[in-house]
$ cat run.cif   # mmCIF, C-alpha atoms
data_run
loop_
_atom_site.label_atom_id
_atom_site.label_comp_id
_atom_site.auth_asym_id
_atom_site.auth_seq_id
_atom_site.Cartn_x
_atom_site.Cartn_y
_atom_site.Cartn_z
CA MET A 1 31.35 37.43 70.75
CA THR A 2 33.63 34.52 69.98
CA TRP A 3 33.71 32.33 73.03
CA THR A 4 36.59 30.09 71.98
CA LEU A 5 38.55 33.30 71.68
CA ARG A 6 37.50 34.49 75.08
CA LYS A 7 38.70 31.32 76.77
CA HIS A 8 42.15 31.78 75.31
CA LEU A 9 42.27 35.41 76.38
CA ALA A 10 41.39 34.30 79.87
CA VAL A 11 43.96 31.45 79.96
CA SER A 12 40.25 31.54 72.92
CA LEU A 13 45.72 27.70 50.88
CA GLY A 14 46.08 30.04 48.18
CA VAL A 15 42.63 30.11 46.56
CA THR A 16 41.37 32.62 44.04
CA THR A 17 39.37 35.48 45.52
CA LEU A 18 35.87 36.03 44.18
CA LEU A 19 34.43 39.53 44.15
CA ALA A 20 30.77 40.00 43.24
CA ILE A 21 29.38 43.51 42.99
CA GLU A 22 25.64 43.29 42.99
CA VAL A 23 25.21 46.91 41.89
CA THR A 24 27.94 49.03 40.35
CA THR A 25 29.65 51.50 42.64
CA ALA A 26 31.02 54.96 42.03
CA VAL A 27 34.67 55.47 41.08
CA ALA A 28 36.78 56.60 44.04
CA GLN A 29 39.36 59.35 44.04
CA PRO A 30 42.64 58.13 42.53
CA ALA A 31 44.58 58.47 45.78
CA TYR A 32 42.36 56.00 47.59
CA PRO A 33 41.05 52.52 46.81
CA SER A 34 37.39 52.37 45.92
CA PRO A 35 35.09 50.90 48.59
CA VAL A 36 34.84 47.78 46.44
CA ALA A 37 38.60 47.45 46.07
CA GLN A 38 39.04 48.04 49.79
CA LEU A 39 36.53 45.31 50.59
CA ARG A 40 38.44 42.94 48.34
CA ARG A 41 41.72 43.84 50.04
CA ASP A 42 40.27 43.37 53.49
CA THR A 43 38.78 39.94 52.78
CA GLU A 44 42.07 38.84 51.22
CA ALA A 45 43.97 40.17 54.25
CA ILE A 46 41.87 38.00 56.57
CA HIS A 47 42.41 34.94 54.36
CA ALA A 48 46.15 35.66 54.27
CA LEU A 49 46.27 35.19 58.05
CA GLY A 50 45.41 31.52 57.48
CA VAL A 51 41.62 31.76 57.79
CA SER A 52 40.25 29.19 55.36
CA GLY A 53 37.16 31.07 54.16
CA VAL A 54 35.83 34.64 54.30
CA GLN A 55 32.69 36.29 52.98
CA ALA A 56 31.71 39.94 53.43
CA ARG A 57 28.82 42.14 52.36
CA VAL A 58 28.46 45.92 52.57
CA ILE A 59 25.21 47.80 51.98
CA ALA A 60 25.51 51.50 51.13
CA PRO A 61 22.96 54.18 52.06
CA ASP A 62 21.34 53.93 48.62
CA GLY A 63 20.95 50.15 48.97
CA ARG A 64 23.82 49.17 46.69
CA GLN A 65 25.46 45.94 47.84
CA SER A 66 29.09 44.91 47.49
CA VAL A 67 30.10 41.32 48.18
CA ALA A 68 33.59 39.83 48.42
CA THR A 69 34.77 36.32 49.23
CA SER A 70 38.21 34.84 49.71
CA GLY A 71 39.60 31.39 50.37
CA THR A 72 37.79 28.10 50.21
CA ALA A 73 34.60 26.65 51.67
CA ASP A 74 36.19 23.22 52.04
CA VAL A 75 39.91 22.66 52.54
CA ASN A 76 39.59 19.14 51.13
CA THR A 77 37.81 19.95 47.87
CA GLY A 78 38.84 23.57 47.36
CA ARG A 79 35.29 24.62 46.43
CA PRO A 80 34.81 28.40 46.55
CA VAL A 81 33.23 30.25 49.44
CA PRO A 82 29.57 30.98 48.59
CA SER A 83 28.79 34.68 48.67
CA ASP A 84 25.36 33.88 50.15
CA GLY A 85 26.44 31.06 52.46
CA TYR A 86 24.80 30.32 55.78
CA PHE A 87 26.76 30.46 59.03
CA ARG A 88 25.95 30.16 62.72
CA MET A 89 24.85 33.47 64.16
CA ALA A 90 26.07 32.55 67.66
CA SER A 91 26.09 35.48 70.10
CA THR A 92 24.87 37.96 67.50
CA SER A 93 21.47 36.47 68.35
CA LYS A 94 21.69 38.25 71.71
CA THR A 95 20.58 41.37 69.85
CA LEU A 96 17.50 39.48 68.67
CA VAL A 97 16.71 38.45 72.25
CA ALA A 98 17.27 41.98 73.56
CA THR A 99 15.01 43.43 70.86
CA VAL A 100 12.14 41.16 71.91
CA VAL A 101 12.62 42.08 75.59
CA LEU A 102 12.47 45.78 74.73
CA GLN A 103 9.38 45.24 72.58
CA LEU A 104 7.71 43.57 75.56
CA GLU A 105 8.67 46.53 77.72
CA ALA A 106 7.15 48.92 75.16
CA GLU A 107 3.93 46.89 75.35
CA GLY A 108 3.89 47.12 79.15
CA ARG A 109 4.28 43.37 79.56
CA LEU A 110 7.43 43.65 81.63
CA SER A 111 9.75 46.28 83.06
CA LEU A 112 13.51 46.46 82.74
CA ASP A 113 13.52 47.03 86.50
CA ASP A 114 11.70 43.75 87.19
CA THR A 115 13.86 41.35 89.14
CA VAL A 116 14.74 37.88 87.93
CA ASP A 117 12.81 36.52 90.93
CA HIS A 118 9.70 38.34 89.75
CA TRP A 119 9.61 36.10 86.69
CA LEU A 120 11.68 33.09 87.74
CA PRO A 121 11.28 32.60 91.53
CA GLU A 122 14.10 30.71 93.24
CA VAL A 123 15.96 30.02 89.98
CA VAL A 124 18.93 32.29 90.75
CA ARG A 125 19.92 31.05 94.20
CA GLY A 126 22.91 29.66 96.07
CA ASN A 127 26.56 30.58 96.59
CA GLY A 128 25.69 34.24 97.02
CA ASN A 129 23.49 34.44 93.90
CA ASP A 130 20.24 36.27 94.57
CA GLY A 131 17.64 36.76 91.85
CA SER A 132 15.79 39.30 94.00
CA ARG A 133 18.70 41.73 93.54
CA ILE A 134 19.19 41.32 89.78
CA ALA A 135 17.13 43.34 87.28
CA ILE A 136 16.31 42.43 83.70
CA ARG A 137 18.30 45.48 82.58
CA GLN A 138 21.41 44.02 84.24
CA LEU A 139 20.97 40.70 82.43
CA LEU A 140 20.74 42.57 79.13
CA GLN A 141 23.84 44.65 79.85
CA HIS A 142 26.05 41.96 81.45
CA THR A 143 26.17 43.83 84.75
CA SER A 144 24.34 41.14 86.75
CA GLY A 145 27.52 39.58 88.15
CA ILE A 146 26.27 36.08 87.29
CA HIS A 147 29.28 33.88 86.59
CA ASP A 148 29.41 32.30 83.14
CA ASP A 149 29.91 28.54 83.02
CA LEU A 150 28.58 27.23 79.73
CA PRO A 151 30.06 23.90 78.61
CA GLY A 152 32.61 24.13 75.82
CA TYR A 153 35.47 22.34 74.14
CA THR A 154 39.13 23.35 73.97
CA THR A 155 40.62 20.25 72.32
CA PRO A 156 39.67 18.03 69.35
CA ASP A 157 38.85 15.15 71.74
CA GLU A 158 36.48 17.37 73.72
CA TYR A 159 34.81 18.49 70.48
CA TYR A 160 34.14 14.91 69.35
CA GLN A 161 32.89 13.93 72.82
CA GLN A 162 30.61 16.93 73.38
CA ARG A 163 29.45 18.12 69.96
CA HIS A 164 25.95 16.56 70.23
CA ASP A 165 25.36 17.18 73.95
CA VAL A 166 22.04 18.91 74.66
CA TYR A 167 21.35 20.98 77.77
CA SER A 168 18.12 22.50 79.03
CA PRO A 169 18.11 26.18 80.05
CA GLU A 170 17.63 25.05 83.66
CA GLN A 171 20.76 22.88 83.47
CA LEU A 172 22.81 25.76 82.11
CA VAL A 173 21.63 28.13 84.84
CA ALA A 174 22.34 25.50 87.49
CA ARG A 175 25.97 25.33 86.32
CA ALA A 176 26.32 29.07 86.92
CA MET A 177 24.70 28.82 90.34
CA ALA A 178 27.51 26.50 91.44
CA HIS A 179 29.75 29.58 91.40
CA ALA A 180 29.74 32.73 93.48
CA PRO A 181 28.86 35.91 91.54
CA ASP A 182 31.72 37.74 89.85
CA PHE A 183 30.61 40.96 91.59
CA PRO A 184 27.48 42.41 93.24
CA PRO A 185 24.73 43.26 90.73
CA GLY A 186 25.39 46.57 88.97
CA GLU A 187 28.94 46.92 90.28
CA GLY A 188 30.94 45.61 87.33
CA TRP A 189 30.81 44.26 83.80
CA ALA A 190 31.44 40.65 82.75
CA TYR A 191 30.03 38.92 79.70
CA SER A 192 27.51 36.31 80.79
CA ASN A 193 25.87 33.94 78.34
CA THR A 194 23.93 32.64 81.34
CA GLY A 195 22.26 36.03 81.66
CA TYR A 196 20.79 35.58 78.19
CA VAL A 197 19.69 32.03 79.01
CA LEU A 198 17.66 33.63 81.80
CA LEU A 199 16.28 36.26 79.42
CA GLY A 200 15.05 33.52 77.11
CA MET A 201 13.29 31.90 80.07
CA ILE A 202 11.74 35.26 81.02
CA ILE A 203 10.45 35.81 77.47
CA GLN A 204 8.75 32.42 77.61
CA LYS A 205 7.23 33.18 81.02
CA ALA A 206 5.96 36.59 79.87
CA THR A 207 4.52 35.45 76.52
CA GLY A 208 3.82 31.75 76.89
CA HIS A 209 6.01 31.08 73.85
CA PRO A 210 9.66 30.09 73.42
CA ALA A 211 11.99 32.98 72.70
CA HIS A 212 12.75 31.68 69.22
CA GLN A 213 9.04 31.75 68.32
CA GLU A 214 8.72 35.34 69.55
CA ILE A 215 11.79 36.32 67.49
CA GLU A 216 10.29 34.72 64.40
CA ASP A 217 6.87 36.33 64.91
CA ARG A 218 8.06 39.79 65.97
CA ILE A 219 11.21 40.33 63.89
CA LEU A 220 11.87 37.83 61.11
CA ARG A 221 8.46 37.46 59.50
CA PRO A 222 7.56 41.18 59.55
CA LEU A 223 10.90 42.05 57.93
CA GLY A 224 10.90 39.10 55.51
CA LEU A 225 14.20 37.80 56.90
CA ASP A 226 13.81 34.26 55.62
CA GLN A 227 17.55 33.58 55.74
CA ILE A 228 17.68 33.85 59.54
CA ARG A 229 16.55 30.47 60.80
CA TRP A 230 16.35 28.68 64.14
CA THR A 231 17.78 25.16 63.82
CA GLY A 232 17.05 23.89 67.33
CA THR A 233 18.95 20.70 68.11
CA SER A 234 19.95 20.00 64.52
CA PRO A 235 23.76 19.78 64.16
CA THR A 236 23.65 20.82 60.50
CA LEU A 237 23.20 24.07 58.53
CA PRO A 238 21.13 24.82 55.43
CA ARG A 239 22.97 24.84 52.10
CA PRO A 240 24.98 26.52 50.80
CA HIS A 241 27.53 26.99 53.55
CA ALA A 242 31.26 26.85 54.08
CA GLN A 243 32.61 24.17 56.38
CA ALA A 244 33.60 25.53 59.79
CA TYR A 245 37.09 24.90 61.13
CA GLN A 246 38.76 25.33 64.50
CA LEU A 247 42.53 25.60 64.78
CA PHE A 248 43.15 24.13 68.23
CA SER A 249 46.93 24.06 68.00
CA PRO A 250 49.54 24.38 65.22
CA GLY A 251 48.76 21.68 62.67
CA SER A 252 45.49 20.74 64.39
CA ARG A 253 42.72 22.13 62.19
CA VAL A 254 39.43 20.29 62.80
CA ASP A 255 36.19 20.51 60.84
CA VAL A 256 33.71 21.46 63.60
CA THR A 257 30.67 22.08 61.39
CA ASP A 258 28.74 19.15 62.84
CA GLN A 259 27.60 20.21 66.32
CA ILE A 260 24.66 21.41 68.39
CA PRO A 261 25.14 24.82 70.06
CA VAL A 262 25.31 24.39 73.84
CA ASP A 263 22.55 26.94 74.47
CA TYR A 264 20.44 25.63 71.60
CA ASP A 265 17.39 27.55 72.81
CA ASN A 266 19.06 30.93 72.18
CA LEU A 267 22.08 30.23 69.98
CA SER A 268 20.77 27.81 67.33
CA TRP A 269 20.36 30.54 64.75
CA VAL A 270 21.89 30.54 61.28
CA THR A 271 21.95 33.49 58.93
CA THR A 272 23.57 35.00 55.86
CA THR A 273 25.44 38.26 55.39
CA ARG A 274 22.38 39.57 53.54
CA ASP A 275 19.88 39.08 56.34
CA GLU A 276 22.25 39.96 59.18
CA ASN A 277 22.81 43.30 57.45
CA ARG A 278 19.08 43.76 56.97
CA PHE A 279 18.33 43.02 60.63
CA PHE A 280 20.81 45.56 62.00
CA ARG A 281 19.68 48.23 59.52
CA ALA A 282 16.04 47.74 60.53
CA LEU A 283 16.92 47.90 64.22
CA LEU A 284 18.96 51.10 63.99
CA ASP A 285 16.62 52.93 61.63
CA GLY A 286 13.74 52.45 64.07
CA ARG A 287 11.64 49.78 62.39
CA LEU A 288 11.74 47.35 65.31
CA LEU A 289 11.58 49.48 68.45
CA PRO A 290 9.89 52.71 69.49
CA ALA A 291 12.35 55.61 69.87
CA ARG A 292 12.24 55.37 73.68
CA GLN A 293 13.23 51.69 73.73
CA LEU A 294 15.91 52.12 71.06
CA ALA A 295 17.40 54.95 73.13
CA LYS A 296 17.51 52.63 76.15
CA MET A 297 19.21 49.95 74.07
CA LYS A 298 21.91 52.50 73.17
CA GLN A 299 22.65 53.55 76.76
CA THR A 300 26.08 52.00 77.25
CA VAL A 301 28.63 51.16 79.92
CA PRO A 302 32.33 50.38 79.47
CA VAL A 303 33.23 46.73 78.88
CA SER A 304 35.87 44.96 80.96
CA ALA A 305 39.59 45.51 80.42
CA GLU A 306 39.86 42.01 78.95
CA VAL A 307 37.18 42.64 76.34
CA GLN A 308 38.67 46.07 75.58
CA GLN A 309 41.48 44.10 73.93
CA LEU A 310 38.94 42.86 71.41
CA TRP A 311 36.78 45.98 71.22
CA PRO A 312 39.11 48.96 71.83
CA GLY A 313 36.97 51.80 73.13
CA GLY A 314 33.96 49.48 73.13
CA ARG A 315 30.88 50.00 75.29
CA TYR A 316 27.90 47.71 75.85
CA GLY A 317 24.27 48.74 75.74
CA LEU A 318 21.30 46.38 76.02
CA GLY A 319 22.34 43.59 73.68
CA LEU A 320 24.19 46.05 71.46
CA VAL A 321 27.87 47.06 71.29
CA GLU A 322 29.08 50.60 70.51
CA ARG A 323 32.52 50.93 68.94
CA PRO A 324 34.44 53.97 67.65
CA LEU A 325 35.04 54.62 63.96
CA SER A 326 38.43 55.78 62.70
CA CYS A 327 36.67 58.46 60.63
CA GLY A 328 34.83 59.84 63.68
CA GLY A 329 31.69 58.87 65.53
CA THR A 330 30.71 55.34 66.45
CA TYR A 331 28.90 52.32 65.08
CA TRP A 332 26.70 49.58 66.53
CA SER A 333 27.29 45.85 66.37
CA HIS A 334 27.30 42.50 68.13
CA GLU A 335 29.82 39.95 66.96
CA GLY A 336 29.27 36.24 67.29
CA GLY A 337 31.42 33.16 67.23
CA ASP A 338 30.81 29.48 67.81
CA GLY A 339 31.76 26.22 66.18
CA GLY A 340 34.44 27.70 63.93
CA TYR A 341 32.28 30.52 62.56
CA ILE A 342 33.29 34.03 63.63
CA THR A 343 31.26 36.99 62.47
CA LEU A 344 31.70 40.73 62.93
CA ASN A 345 29.17 43.31 61.84
CA GLY A 346 28.47 47.01 62.06
CA VAL A 347 25.87 49.60 61.21
CA THR A 348 26.01 53.36 61.38
CA ASP A 349 23.89 55.16 63.94
CA ASP A 350 21.22 56.03 61.38
CA GLY A 351 21.05 52.48 60.04
CA ARG A 352 21.97 53.59 56.51
CA ARG A 353 25.36 51.92 55.98
CA SER A 354 26.14 48.42 57.22
CA ALA A 355 28.67 45.63 56.85
CA VAL A 356 28.99 41.98 57.85
CA VAL A 357 32.02 39.70 57.58
CA SER A 358 31.80 35.98 58.31
CA MET A 359 34.89 33.82 58.73
CA SER A 360 34.57 30.05 58.63
CA GLU A 361 37.63 29.33 60.72
CA ALA A 362 38.56 30.28 64.28
CA ARG A 363 42.34 30.48 64.70
CA GLY A 364 42.32 29.61 68.38
CA ASP A 365 45.78 28.12 68.71
CA THR A 366 47.48 31.24 70.13
CA PRO A 367 46.31 34.57 71.57
CA GLN A 368 48.34 36.34 68.86
CA HIS A 369 46.50 34.54 66.05
CA MET A 370 43.16 35.27 67.67
CA MET A 371 43.92 38.97 68.03
CA GLU A 372 45.21 39.18 64.44
CA GLN A 373 41.97 37.67 63.17
CA GLU A 374 39.82 39.92 65.34
CA ASN A 375 41.77 43.04 64.35
CA ALA A 376 41.65 42.26 60.63
CA ALA A 377 37.89 41.71 60.73
CA SER A 378 37.39 44.89 62.77
CA ALA A 379 39.42 46.81 60.18
CA LEU A 380 37.14 45.51 57.41
CA ILE A 381 34.05 46.78 59.23
CA ASP A 382 35.68 50.14 59.97
CA HIS A 383 36.78 50.66 56.36
CA ALA A 384 33.35 49.68 55.04
CA LEU A 385 31.46 52.05 57.34
CA CYS A 386 33.87 54.95 56.79
CA ALA A 387 33.78 54.60 52.98
CA GLY A 388 32.09 57.27 50.89
CA GLY A 389 29.45 56.70 48.32
#
$ encode --input "run.cif" --output "structure tokens"
Amino acid sequence: MTWTLRKHLAVSLGVTTLLAIEVTTAVAQPAYPSPVAQLRRDTEAIHALGVSGVQARVIAPDGRQSVATSGTADVNTGRPVPSDGYFRMASTSKTLVATVVLQLEAEGRLSLDDTVDHWLPEVVRGNGNDGSRIAIRQLLQHTSGIHDDLPGYTTPDEYYQQRHDVYSPEQLVARAMAHAPDFPPGEGWAYSNTGYVLLGMIIQKATGHPAHQEIEDRILRPLGLDQIRWTGTSPTLPRPHAQAYQLFSPGSRVDVTDQIPVDYDNLSWVTTTRDENRFFRALLDGRLLPARQLAKMKQTVPVSAEVQQLWPGGRYGLGLVERPLSCGGTYWSHEGGDGGYITLNGVTDDGRRSAVVSMSEARGDTPQHMMEQENAASALIDHALCAGG
């Protein structure tokens, strides 16, 4: 989820397009654009909104990959967007965290019904917060009621002042504890990054290792996902990558590439469209979780009315979002956005067709621009997953 966007909802270059088809695709019926042509159109449509750079990758059931890019990776030099460029994974990494928690449950090392106090005594306390009443399942599903209060920037000055600030998980949780809960545990839905900070702390308590190490050992290495990397407190990304931009106000586009994610313990992940696709395909086709745990992950509840604006018809499972497809059925995803990078993704229920689009600019100057960007990216995912072939 794109948190600059969320704040605005609460209060959120003509460059040649490159299309690279890694394996040839079948010719579509004359009345309709081919999946490849549609992908090109959709990336160009996002760029036409004013988004500086776009890259997208679709993987078909037979493994064929289609890649399209549009715009520029650097508004100063005009260099092209790399089709294999790194970007910050941001909140998409919540699905990584949730997968590890469910693996630990499958191993009998924790229960989704365990309370926060069971693992982190006295951490969730004060102003009506009570860790003895909040279950791990509720942290995973954003039904804990814990108020979200992660630091963030909304102006260029705030970006330059805060971009290298580092916070411990305990400091981030303490910020949330200064607020009363949004609702009693289990009686509502509100996105809470703080809930996932707590999950990272629980993973460390249960395993003796930081959450990022468990993700690397349990998910990335077994699947060979060497393009998903934890960068810790480094403010830079591996090369190649597009520069990330934030449009704070009309005429105020700032390069925000250089920064440390606030929740560096959980959110300092970078990836590529290739490996983000591969992760979601492996998750949904059953390579990462036993059937029982995957079924639990896919048990959903409705999201809030505010988030319904972004995910029409959307429902939230355990670190996984379910959204309807225009061609019928649903798909699974978890978007992410931070530091100018906004990424949407989707995979069909059987894990056989997937798509990822990464945008290297967040148009956060008006709610209308933010919704246009979100809707255009959602349309790309929908078209890619509904395509034949």
$ atom_distance --input "run.cif" --atom1 "CA of Ser360 in chain A" --atom2 "CA of Tyr331 in chain A"
23.9 Å
$ resolve_selection --input "run.cif" --expression "the PyMOL selection byres ((chain A and resi 288) around 10)" --output "ChimeraX atom specification"
/A:99-100,102-103,218-219,222-223,279-287,289-291,293-294
$ atom_distance --input "run.cif" --atom1 "CA of Leu237 in chain A" --atom2 "CA of Gly53 in chain A"
16.2 Å
$ resolve_selection --input "run.cif" --expression "the PyMOL selection byres ((chain A and resi 352) around 7)" --output "PyMOL selection string"
chain A and resi 60-61+281+348+350-351+353-354
$ write_last_selection --input "run.cif" --atoms "C-alpha atoms" --output "compact mmCIF listing (two decimals), in the coordinates of the input"
# COMPACT_ATOMS: atom_id res chain seq x y z
CA ALA A 60 25.51 51.50 51.13
CA PRO A 61 22.96 54.18 52.06
CA ARG A 281 19.68 48.23 59.52
CA THR A 348 26.01 53.36 61.38
CA ASP A 350 21.22 56.03 61.38
CA GLY A 351 21.05 52.48 60.04
CA ARG A 353 25.36 51.92 55.98
CA SER A 354 26.14 48.42 57.22
$ resolve_selection --input "run.cif" --expression "the PyMOL selection byres ((chain A and resi 168) around 10)" --output "JSON, numbers by chain"
{"A": [166, 167, 169, 170, 171, 172, 173, 174, 197, 262, 263, 264, 265]}
$ closest_residue --input "run.cif" --among "A:Leu110, A:Leu320, A:Met177, A:Val97" --to "Gly131 in chain A" --atoms "all atoms listed in the file"
A:Met177
$ residues_near_point --input "run.cif" --point "(11.1, 47.5, 92.2)" --cutoff "10 Å" --atoms "all atoms listed in the file" --output "PyMOL selection string"
chain A and resi 111-115+118+132-133+135
$ closest_residue --input "run.cif" --among "A:Arg175, A:Arg109, A:Lys94, A:Arg125" --to "Ala211 in chain A" --atoms "only C-alpha atoms"
A:Lys94
$ atom_distance --input "run.cif" --atom1 "CA of Glu361 in chain A" --atom2 "CA of Val81 in chain A"
12.1 Å
$ closest_residue --input "run.cif" --among "A:Arg253, A:Pro240, A:Gly329, A:Arg278" --to "Gly224 in chain A" --atoms "all atoms listed in the file"
A:Arg278
